[in-house]
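One structure is given below, encoded as structure tokens.
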Amino acid sequence: MRQYLARRLLLSIFVIFGVTLVAFGSMQFIPSDVVDIMLGQFRDPAAEAALRHNLGLDQPPLQRYLRWLGGVLRGDLGNSLRTTEPVMDAIRQRLPVTVELALLATVIGLGIGVPAGIVAAVRQYSLADKLSTAVSMVGLSMPDFWLATLLILAFSVTWMLLPPGGLLVSPLEDLGENLKRMIMPALSMGLPASAVYFRMTRSSMLEVIRSEYMLTAYSKGLSERRAILVHALKNALIPVITVTGMEVTWMLGGSFIVECIFSLPGLGRATVEAIYERDYVVLQGCLLVYSLIVVGVSIGIDMLYAWLDPRIRYE
Amino acid sequence: MSNSNSLSLGAEAAALPDRHRSLAGDAFRRLRRHRPAMLGLSIVALLVFAAVAAPWVSPFDPVEMGAGEAFEGPSGRHPLGTDEYGRDLLSRIIYGSRTSLAVGIISVSISLLIGTTLGLVSGYFLGVTDMVVSRLMDILFAFPPLLLALVVIAVLGPGIDRTMVAIGIVYIPLFSRVCRGSVLAERGKVYVDAARAVGSGNGRIMRRHILPNVLAPIIVQASLCMSYAVLAEAALSFLGLGTQPPMPSWGSMLNKGVAVMYHSPWVSIWPGLAIMIVVFAFNVFGDGLRDALDPRLIGT
């Protein structure tokens, strides 16, 4: 196990290194750079050269990349080319918003999907099962950006209950105000996710319900409720946990559209802005954080898997 | 009643050992009995029809502006209403199906061709080749997919053709992994040894012997990937980076709709609905295809 973990970590370092290389490399191929965007069309060549020099853009690409990499190893992600703000500070401000959004969406998704999945599996082929399976198929196909639009249409335009944008306060300061801003974005991502959790819970529960140890549980006189909720659920949830890991990574990386629609100051929007503004230092920082999340969650899920199911052994 | 009768007859016929049948034929029969998959297939057929017959079935020119007809609600003349330039939304939705379908087919073809080749080669040769390909795929996988597409579009510039390439690149690892996994299971089998024994080269063994045997999961992946590609194109166009105006795309129509949501909500409802229906169709069809092709079900 320890050996497996060591190998995974080593490979991950390689992957993350590759990600930074791709991020930096792709920015070199973009026809315009940050200076073009900052100075616009009509500009003084002397001013342009001076700005390039100030930003260090007149140095060869390899040198810039290595200097950036050296900084990363010391925990310094460099400064934004546009605002000169340290990238680390920007990430520290913006990552919590994206994480909160993904967490809320996951709570919504699991909160709806898992109970509905259990009911559908236990009462297979009942009306409730058929109905929820059909609804889940629709949910799976629902684009989050369209759901976001519909939610705004309903709650902001028609009933005027929730604000579609505005200042976001920290949940530690005022949880109620924070949730007012976060609930619609979280629903736009959480409701489609609940369809994924529903399908996974239902199918794995169906498999478990037919297993022999469930027969044993019933034959020793357990009530259906206890047999299902205690004996079956624990085993049925293992694949759901894997899917949760995948969904959380997907949400963290895919939240940028929802962040843009609701103008939330999250990491996703920061990344999109960095691409628009050709700020490769910010972009590399953001992508580095994303790949750390992807790699970290996938290792974490593997570990959790082995811990939950002792039959799984890694070599 | 007659339906269940014919079903049981079908089951009996399936049990007869002497009937000559192919695996593909079996899969096709199972697919035909899979009702959601058939629903999905019908919607896909409708989409293809709309895309091909767009000039004949749409009531208006999709880019023609109607003076004095901006933001009209659904009516007899414009069943789905009009947008800010007075353009007929039904016609734009019908023409938009061309964009979605073209992006779906071309970008999935790109990921399928490159991904399957990479998976085949890395799973067959293993060793250094596998190491290099797998790490490259890991790197692609470590990016959030849509953000990677965004980076690619930033490099290539916006436009429908670049969008296809961007989406195609993003989903390469999906095919590569699925294919590599199946090749690993196949490469040690007796028929591969037999082919080698009669003197077939590596290229021939991969193309003629292994590829046909690993195709089933790749086909399923391709069908599901169509729904990802349609969604991705809509998302990128929604952000203004995919298909460029005046070419109609459901994603950019939705984007325009959001801006005018307060007085003309229908502009944002129809394109979203169209995206959802098409994604739904590819999803259920892919699901049915997986059930039909799942080797665990063969013989049951």
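Here's how to read the names in the structure tokens: chain A, B, ... by the order shown, residue numbers from 1 in each chain, ligand numbers from 1 in the order shown.
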
For this session: Enumerate as number ranges by chain the residues belonging to chain B that approach chain A to within 7 Å, with only C-alpha atoms taken into account.
Result: B: 135, 138-139, 142-144, 146, 151, 154-155, 231, 258, 261-262, 272, 276, 279-280

Would you put the residues from that selection into a file with N, CA and C atoms, as a short mmCIF file (atom, residue, chain, number, x, y, z; two decimals), in the first residue's frame?
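What follows is the written file result.cif:
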data_model
loop_
_atom_site.label_atom_id
_atom_site.label_comp_id
_atom_site.auth_asym_id
_atom_site.auth_seq_id
_atom_site.Cartn_x
_atom_site.Cartn_y
_atom_site.Cartn_z
N ARG B 135 1.05 8.76 -19.74
CA ARG B 135 1.33 9.99 -18.99
C ARG B 135 0.76 11.20 -19.73
N ASP B 138 -2.76 11.24 -18.93
CA ASP B 138 -2.95 11.70 -17.54
C ASP B 138 -2.91 13.22 -17.49
N ILE B 139 -1.98 13.80 -18.26
CA ILE B 139 -1.85 15.26 -18.24
C ILE B 139 -3.12 15.90 -18.81
N ALA B 142 -5.88 15.77 -16.36
CA ALA B 142 -5.74 16.58 -15.15
C ALA B 142 -6.34 17.98 -15.35
N PHE B 143 -6.61 18.36 -16.61
CA PHE B 143 -7.25 19.64 -16.86
C PHE B 143 -8.76 19.47 -16.74
N PRO B 144 -9.45 20.45 -16.16
CA PRO B 144 -10.91 20.41 -16.28
C PRO B 144 -11.25 20.51 -17.78
N LEU B 146 -13.62 21.47 -19.96
CA LEU B 146 -14.06 22.67 -20.68
C LEU B 146 -13.02 23.78 -20.62
N VAL B 151 -8.67 26.93 -23.33
CA VAL B 151 -7.27 27.24 -23.59
C VAL B 151 -6.95 26.99 -25.06
N ALA B 154 -8.34 29.65 -27.13
CA ALA B 154 -7.55 30.87 -26.99
C ALA B 154 -6.35 30.83 -27.93
N VAL B 155 -5.75 29.64 -28.06
CA VAL B 155 -4.59 29.50 -28.94
C VAL B 155 -5.02 29.58 -30.41
N LEU B 231 -22.98 19.33 -25.68
CA LEU B 231 -23.00 20.19 -24.49
C LEU B 231 -21.82 21.16 -24.49
N VAL B 258 -30.30 35.16 -22.32
CA VAL B 258 -30.10 35.53 -20.92
C VAL B 258 -30.14 37.05 -20.76
N MET B 261 -33.78 38.25 -20.77
CA MET B 261 -34.66 37.38 -20.01
C MET B 261 -35.81 38.14 -19.34
N TYR B 262 -35.53 39.39 -18.93
CA TYR B 262 -36.53 40.11 -18.16
C TYR B 262 -37.79 40.45 -18.95
N GLY B 272 -32.28 26.20 -24.95
CA GLY B 272 -31.90 25.31 -23.85
C GLY B 272 -32.64 23.99 -23.95
N MET B 276 -31.11 20.25 -24.40
CA MET B 276 -31.40 19.18 -23.45
C MET B 276 -31.96 17.96 -24.16
N VAL B 279 -29.11 16.13 -26.04
CA VAL B 279 -28.21 15.47 -25.10
C VAL B 279 -28.90 14.24 -24.51
N PHE B 280 -30.17 14.40 -24.17
CA PHE B 280 -30.97 13.28 -23.65
C PHE B 280 -30.99 12.13 -24.64
#

For this session: Compile the contact shell of Ala292 of chain B as a list in words: residues with an atom at most 8 Å away, counting only C-alpha atoms, same-chain residues fewer than 3 positions apart removed.
Result: Ala27, Phe28, Arg30, Leu31, Gly288, Leu289 and Leu297 of chain B

Selection from above, N, CA and C atoms, as an mmCIF file, in the first residue's frame, can you write it?
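And here is the file that came out, selection_10.cif:
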data_model
loop_
_atom_site.group_PDB
_atom_site.id
_atom_site.type_symbol
_atom_site.label_atom_id
_atom_site.label_comp_id
_atom_site.auth_asym_id
_atom_site.auth_seq_id
_atom_site.Cartn_x
_atom_site.Cartn_y
_atom_site.Cartn_z
ATOM 1 N N ALA B 27 -26.785 -8.170 -30.832
ATOM 2 C CA ALA B 27 -26.763 -6.858 -30.202
ATOM 3 C C ALA B 27 -27.841 -5.972 -30.819
ATOM 4 N N PHE B 28 -27.963 -6.056 -32.137
ATOM 5 C CA PHE B 28 -28.943 -5.244 -32.837
ATOM 6 C C PHE B 28 -30.356 -5.604 -32.397
ATOM 7 N N ARG B 30 -31.219 -6.893 -29.501
ATOM 8 C CA ARG B 30 -31.432 -6.385 -28.139
ATOM 9 C C ARG B 30 -31.690 -4.883 -28.154
ATOM 10 N N LEU B 31 -30.935 -4.195 -29.023
ATOM 11 C CA LEU B 31 -31.087 -2.743 -29.104
ATOM 12 C C LEU B 31 -32.499 -2.378 -29.544
ATOM 13 N N GLY B 288 -28.589 2.412 -24.041
ATOM 14 C CA GLY B 288 -29.180 1.234 -24.656
ATOM 15 C C GLY B 288 -28.145 0.433 -25.426
ATOM 16 N N LEU B 289 -27.256 1.162 -26.094
ATOM 17 C CA LEU B 289 -26.201 0.520 -26.861
ATOM 18 C C LEU B 289 -25.285 -0.273 -25.932
ATOM 19 N N LEU B 297 -24.305 -9.900 -20.992
ATOM 20 C CA LEU B 297 -25.704 -10.214 -21.255
ATOM 21 C C LEU B 297 -25.855 -11.215 -22.392
#

For this session: Identify, on the basis of only C-alpha atoms, every residue whose closest approach to Ser107 of chain B does not exceed 6 Å; exclude the query and any residue fewer than 4 positions from it along the same chain; express the result as a VMD selection string.
Result: chain B and resid 103 164 167 to 168

Using C-alpha atoms, can you write the selected residues to a file as a JSON list (two decimals), in the first residue's frame?
[["chain", "number", "residue", "atom", "x", "y", "z"],
["B", 103, "VAL", "CA", -19.62, 19.73, -34.05],
["B", 164, "MET", "CA", -14.50, 21.17, -33.14],
["B", 167, "ILE", "CA", -13.51, 19.60, -28.16],
["B", 168, "GLY", "CA", -11.91, 16.79, -30.17]]

Exercise. Could you pull the residues within 10 Å of segment 210-212 of chain B, counting only C-alpha atoms, minus those fewer than 2 positions along the same chain, as a PyMOL selection string?
Worked result: chain B and resi 116-117+120+124+179+182-183+186-187+189+191-192+204-208+214-216+218

Take the residues from that selection and put them in a file with C-alpha atoms, as a compact mmCIF listing (two decimals), in the first residue's frame.
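So part_4.txt came out as:
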# COMPACT_ATOMS: atom_id res chain seq x y z
CA THR B 116 -8.37 4.75 -30.33
CA THR B 117 -5.06 4.72 -32.20
CA LEU B 120 -4.40 0.50 -29.41
CA TYR B 124 -0.41 -3.49 -27.59
CA CYS B 179 -9.40 1.24 -25.88
CA SER B 182 -9.82 -3.57 -23.75
CA VAL B 183 -6.60 -4.18 -25.70
CA GLU B 186 -7.31 -9.07 -25.63
CA ARG B 187 -3.58 -9.04 -26.36
CA LYS B 189 -5.61 -14.29 -26.08
CA TYR B 191 -6.25 -15.77 -31.49
CA VAL B 192 -3.57 -13.09 -31.21
CA ARG B 204 -2.00 -6.20 -39.13
CA ILE B 205 -2.66 -7.89 -35.79
CA MET B 206 -3.76 -4.58 -34.29
CA ARG B 207 -5.96 -3.53 -37.18
CA ARG B 208 -7.44 -6.79 -38.35
CA VAL B 214 -12.38 -3.99 -28.79
CA LEU B 215 -14.80 -1.94 -30.88
CA ALA B 216 -17.94 -2.44 -28.78
CA ILE B 218 -15.54 2.32 -28.14

Exercise. Hey, what's within 9 Å of Gly40 of chain B if we count only C-alpha atoms and toss same-chain stuff fewer than 5 positions away? As a list of chain:residue names, please?
Worked result: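 My list of contacting residues is B:Arg35, B:Ala45, B:Val278, B:Phe280, B:Ala281, B:Phe282, B:Asn283, B:Val284, B:Phe285, B:Gly286, B:Gly288.
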
Residues from last step as file, N, CA and C atoms, as a tab-separated table (two decimals), in the first residue's frame:
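Done, and the output landed in out-v9.tsv:
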chain	number	residue	atom	x	y	z
B	35	ARG	N	-36.55	0.11	-25.31
B	35	ARG	CA	-37.44	1.21	-25.69
B	35	ARG	C	-36.81	2.60	-25.54
B	45	ALA	N	-32.60	10.73	-35.20
B	45	ALA	CA	-33.01	10.72	-36.60
B	45	ALA	C	-33.70	12.03	-36.97
B	278	VAL	N	-31.52	16.93	-27.24
B	278	VAL	CA	-30.51	16.22	-28.03
B	278	VAL	C	-29.53	15.47	-27.12
B	280	PHE	N	-30.17	14.40	-24.17
B	280	PHE	CA	-30.97	13.28	-23.65
B	280	PHE	C	-30.99	12.13	-24.64
B	281	ALA	N	-31.20	12.45	-25.92
B	281	ALA	CA	-31.30	11.41	-26.94
B	281	ALA	C	-29.99	10.61	-27.04
B	282	PHE	N	-28.86	11.32	-27.09
B	282	PHE	CA	-27.58	10.61	-27.19
B	282	PHE	C	-27.30	9.82	-25.92
B	283	ASN	N	-27.70	10.37	-24.78
B	283	ASN	CA	-27.50	9.64	-23.52
B	283	ASN	C	-28.26	8.32	-23.48
B	284	VAL	N	-29.57	8.37	-23.76
B	284	VAL	CA	-30.36	7.14	-23.66
B	284	VAL	C	-29.97	6.15	-24.76
B	285	PHE	N	-29.61	6.68	-25.93
B	285	PHE	CA	-29.19	5.77	-27.00
B	285	PHE	C	-27.88	5.08	-26.60
B	286	GLY	N	-26.94	5.86	-26.06
B	286	GLY	CA	-25.67	5.28	-25.61
B	286	GLY	C	-25.88	4.24	-24.52
B	288	GLY	N	-28.59	2.41	-24.04
B	288	GLY	CA	-29.18	1.23	-24.66
B	288	GLY	C	-28.14	0.43	-25.43

Problem set entry | All residues 9 Å or closer to Val34 of chain A, only C-alpha atoms, same chain fewer than 4 positions away omitted, as JSON, numbers by chain | {"A": [38, 39, 81, 82, 277, 278, 279, 280]}

Exercise. Which residue gives the smallest distance to Pro171 of chain A among A:Leu131, A:Leu101, A:Leu55, A:Met184, with only C-alpha atoms counted?
Worked result: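 Checking each candidate against Pro171 of chain A, we get A:Leu101 as the closest.
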
For this session: With a distance cut-off of 10 Å and only C-alpha atoms, select the neighbouring residues of Lys256 of chain B, excluding the residue or stretch itself and same-chain residues fewer than 5 positions from it, and output the selection as a ChimeraX atom specification.
Result: /B:83-84,238,240,250-251,261,267-268

For the selection you just gave me, I'd like the residues written to a file as an mmCIF file, in the first residue's frame, keeping C-alpha atoms.
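Printed below is out_23.cif as written:
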data_model
loop_
_atom_site.group_PDB
_atom_site.id
_atom_site.type_symbol
_atom_site.label_atom_id
_atom_site.label_comp_id
_atom_site.auth_asym_id
_atom_site.auth_seq_id
_atom_site.Cartn_x
_atom_site.Cartn_y
_atom_site.Cartn_z
ATOM 1 C CA ASP B 83 -35.191 37.440 -31.189
ATOM 2 C CA GLU B 84 -33.745 40.936 -30.856
ATOM 3 C CA PHE B 238 -22.720 30.357 -24.588
ATOM 4 C CA GLY B 240 -19.147 33.606 -26.889
ATOM 5 C CA TRP B 250 -28.117 26.903 -29.600
ATOM 6 C CA GLY B 251 -25.443 27.941 -27.121
ATOM 7 C CA MET B 261 -34.661 37.382 -20.009
ATOM 8 C CA VAL B 267 -35.645 33.553 -26.282
ATOM 9 C CA SER B 268 -33.668 31.636 -23.645
#

Exercise. Which parts of segment 158-267 of chain A does DSSP call alpha helix (DSSP H) when run on the backbone here, written out as a PyMOL selection string?
Worked result: chain A and resi 175-209+212-219+224-226+233-254+256-261+267

Limited to C-alpha atoms, could you put the picked residues into a file as a PDB file, in the first residue's frame?
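Saved result, result-v2.pdb, follows:
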ATOM      1  CA  LEU A 175     -24.386  32.678   6.405  1.00  0.00           C
ATOM      2  CA  GLY A 176     -27.911  33.705   5.416  1.00  0.00           C
ATOM      3  CA  GLU A 177     -26.782  36.434   3.020  1.00  0.00           C
ATOM      4  CA  ASN A 178     -24.122  34.118   1.611  1.00  0.00           C
ATOM      5  CA  LEU A 179     -26.618  31.327   0.984  1.00  0.00           C
ATOM      6  CA  LYS A 180     -29.031  33.736  -0.705  1.00  0.00           C
ATOM      7  CA  ARG A 181     -26.329  34.300  -3.338  1.00  0.00           C
ATOM      8  CA  MET A 182     -25.073  30.730  -3.452  1.00  0.00           C
ATOM      9  CA  ILE A 183     -28.252  28.688  -3.485  1.00  0.00           C
ATOM     10  CA  MET A 184     -29.165  29.167  -7.151  1.00  0.00           C
ATOM     11  CA  PRO A 185     -25.646  28.432  -8.465  1.00  0.00           C
ATOM     12  CA  ALA A 186     -25.471  25.408  -6.151  1.00  0.00           C
ATOM     13  CA  LEU A 187     -28.852  24.153  -7.363  1.00  0.00           C
ATOM     14  CA  SER A 188     -27.848  24.559 -11.028  1.00  0.00           C
ATOM     15  CA  MET A 189     -24.959  22.178 -10.448  1.00  0.00           C
ATOM     16  CA  GLY A 190     -26.439  20.051  -7.653  1.00  0.00           C
ATOM     17  CA  LEU A 191     -29.708  19.038  -9.311  1.00  0.00           C
ATOM     18  CA  PRO A 192     -28.082  17.487 -12.409  1.00  0.00           C
ATOM     19  CA  ALA A 193     -25.560  15.820 -10.084  1.00  0.00           C
ATOM     20  CA  SER A 194     -28.389  14.308  -8.041  1.00  0.00           C
ATOM     21  CA  ALA A 195     -29.401  12.385 -11.171  1.00  0.00           C
ATOM     22  CA  VAL A 196     -25.926  10.837 -11.308  1.00  0.00           C
ATOM     23  CA  TYR A 197     -26.031   9.877  -7.616  1.00  0.00           C
ATOM     24  CA  PHE A 198     -29.554   8.531  -7.988  1.00  0.00           C
ATOM     25  CA  ARG A 199     -28.617   6.197 -10.834  1.00  0.00           C
ATOM     26  CA  MET A 200     -25.492   4.960  -9.107  1.00  0.00           C
ATOM     27  CA  THR A 201     -27.243   4.377  -5.763  1.00  0.00           C
ATOM     28  CA  ARG A 202     -30.138   2.614  -7.428  1.00  0.00           C
ATOM     29  CA  SER A 203     -28.058   0.224  -9.516  1.00  0.00           C
ATOM     30  CA  SER A 204     -25.566  -0.651  -6.792  1.00  0.00           C
ATOM     31  CA  MET A 205     -28.373  -1.038  -4.248  1.00  0.00           C
ATOM     32  CA  LEU A 206     -30.179  -3.415  -6.615  1.00  0.00           C
ATOM     33  CA  GLU A 207     -27.056  -5.535  -6.819  1.00  0.00           C
ATOM     34  CA  VAL A 208     -26.580  -5.626  -3.058  1.00  0.00           C
ATOM     35  CA  ILE A 209     -30.221  -6.358  -2.241  1.00  0.00           C
ATOM     36  CA  GLU A 212     -26.719 -13.697   0.034  1.00  0.00           C
ATOM     37  CA  TYR A 213     -25.753 -11.743   3.104  1.00  0.00           C
ATOM     38  CA  MET A 214     -28.971  -9.776   2.736  1.00  0.00           C
ATOM     39  CA  LEU A 215     -30.860 -13.061   2.849  1.00  0.00           C
ATOM     40  CA  THR A 216     -28.935 -13.885   6.028  1.00  0.00           C
ATOM     41  CA  ALA A 217     -29.852 -10.511   7.480  1.00  0.00           C
ATOM     42  CA  TYR A 218     -33.529 -11.103   6.797  1.00  0.00           C
ATOM     43  CA  SER A 219     -33.450 -14.695   8.021  1.00  0.00           C
ATOM     44  CA  GLU A 224     -36.500  -4.442   6.250  1.00  0.00           C
ATOM     45  CA  ARG A 225     -35.643  -0.951   7.358  1.00  0.00           C
ATOM     46  CA  ARG A 226     -32.679  -2.081   9.424  1.00  0.00           C
ATOM     47  CA  LEU A 233     -26.468   0.715   2.341  1.00  0.00           C
ATOM     48  CA  LYS A 234     -22.921   0.493   3.650  1.00  0.00           C
ATOM     49  CA  ASN A 235     -21.860  -1.748   0.783  1.00  0.00           C
ATOM     50  CA  ALA A 236     -24.006  -0.097  -1.831  1.00  0.00           C
ATOM     51  CA  LEU A 237     -22.448   3.287  -1.127  1.00  0.00           C
ATOM     52  CA  ILE A 238     -18.922   2.283  -2.155  1.00  0.00           C
ATOM     53  CA  PRO A 239     -19.446   2.913  -5.894  1.00  0.00           C
ATOM     54  CA  VAL A 240     -21.410   6.048  -5.001  1.00  0.00           C
ATOM     55  CA  ILE A 241     -18.323   7.375  -3.215  1.00  0.00           C
ATOM     56  CA  THR A 242     -16.181   6.850  -6.308  1.00  0.00           C
ATOM     57  CA  VAL A 243     -18.739   8.713  -8.390  1.00  0.00           C
ATOM     58  CA  THR A 244     -18.847  11.470  -5.776  1.00  0.00           C
ATOM     59  CA  GLY A 245     -15.115  11.922  -6.147  1.00  0.00           C
ATOM     60  CA  MET A 246     -15.442  12.178  -9.905  1.00  0.00           C
ATOM     61  CA  GLU A 247     -18.384  14.568  -9.661  1.00  0.00           C
ATOM     62  CA  VAL A 248     -16.628  16.822  -7.153  1.00  0.00           C
ATOM     63  CA  THR A 249     -13.581  17.111  -9.411  1.00  0.00           C
ATOM     64  CA  TRP A 250     -15.867  17.747 -12.344  1.00  0.00           C
ATOM     65  CA  MET A 251     -17.762  20.430 -10.415  1.00  0.00           C
ATOM     66  CA  LEU A 252     -14.627  22.208  -9.247  1.00  0.00           C
ATOM     67  CA  GLY A 253     -13.360  22.296 -12.823  1.00  0.00           C
ATOM     68  CA  GLY A 254     -16.688  22.912 -14.525  1.00  0.00           C
ATOM     69  CA  PHE A 256     -16.729  28.447 -14.277  1.00  0.00           C
ATOM     70  CA  ILE A 257     -19.820  28.807 -16.466  1.00  0.00           C
ATOM     71  CA  VAL A 258     -22.121  28.950 -13.462  1.00  0.00           C
ATOM     72  CA  GLU A 259     -19.683  31.357 -11.770  1.00  0.00           C
ATOM     73  CA  CYS A 260     -19.806  33.571 -14.859  1.00  0.00           C
ATOM     74  CA  ILE A 261     -23.621  33.498 -15.049  1.00  0.00           C
ATOM     75  CA  LEU A 267     -11.460  30.321  -9.246  1.00  0.00           C
TER      76      LEU A 267
END

For this session: Quick one: pull the distance between atom CA of Asp129 of chain A and atom CA of Ala116 of chain A, Å, one decimal.
Result: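 Calculated distance between atom CA of Asp129 of chain A and atom CA of Ala116 of chain A is 8.5 Å.
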
Problem set entry | Selected residue of minimal separation from Leu101 of chain B among B:Gly76, B:Trp270, B:Leu47, B:Asp287, counting only C-alpha atoms |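 Ranked by minimum distance to Leu101 of chain B, first place goes to B:Leu47.
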
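Here atom CA of Ser109 of chain B is placed at a distance of 9.6 Å from atom CA of Met226 of chain B.
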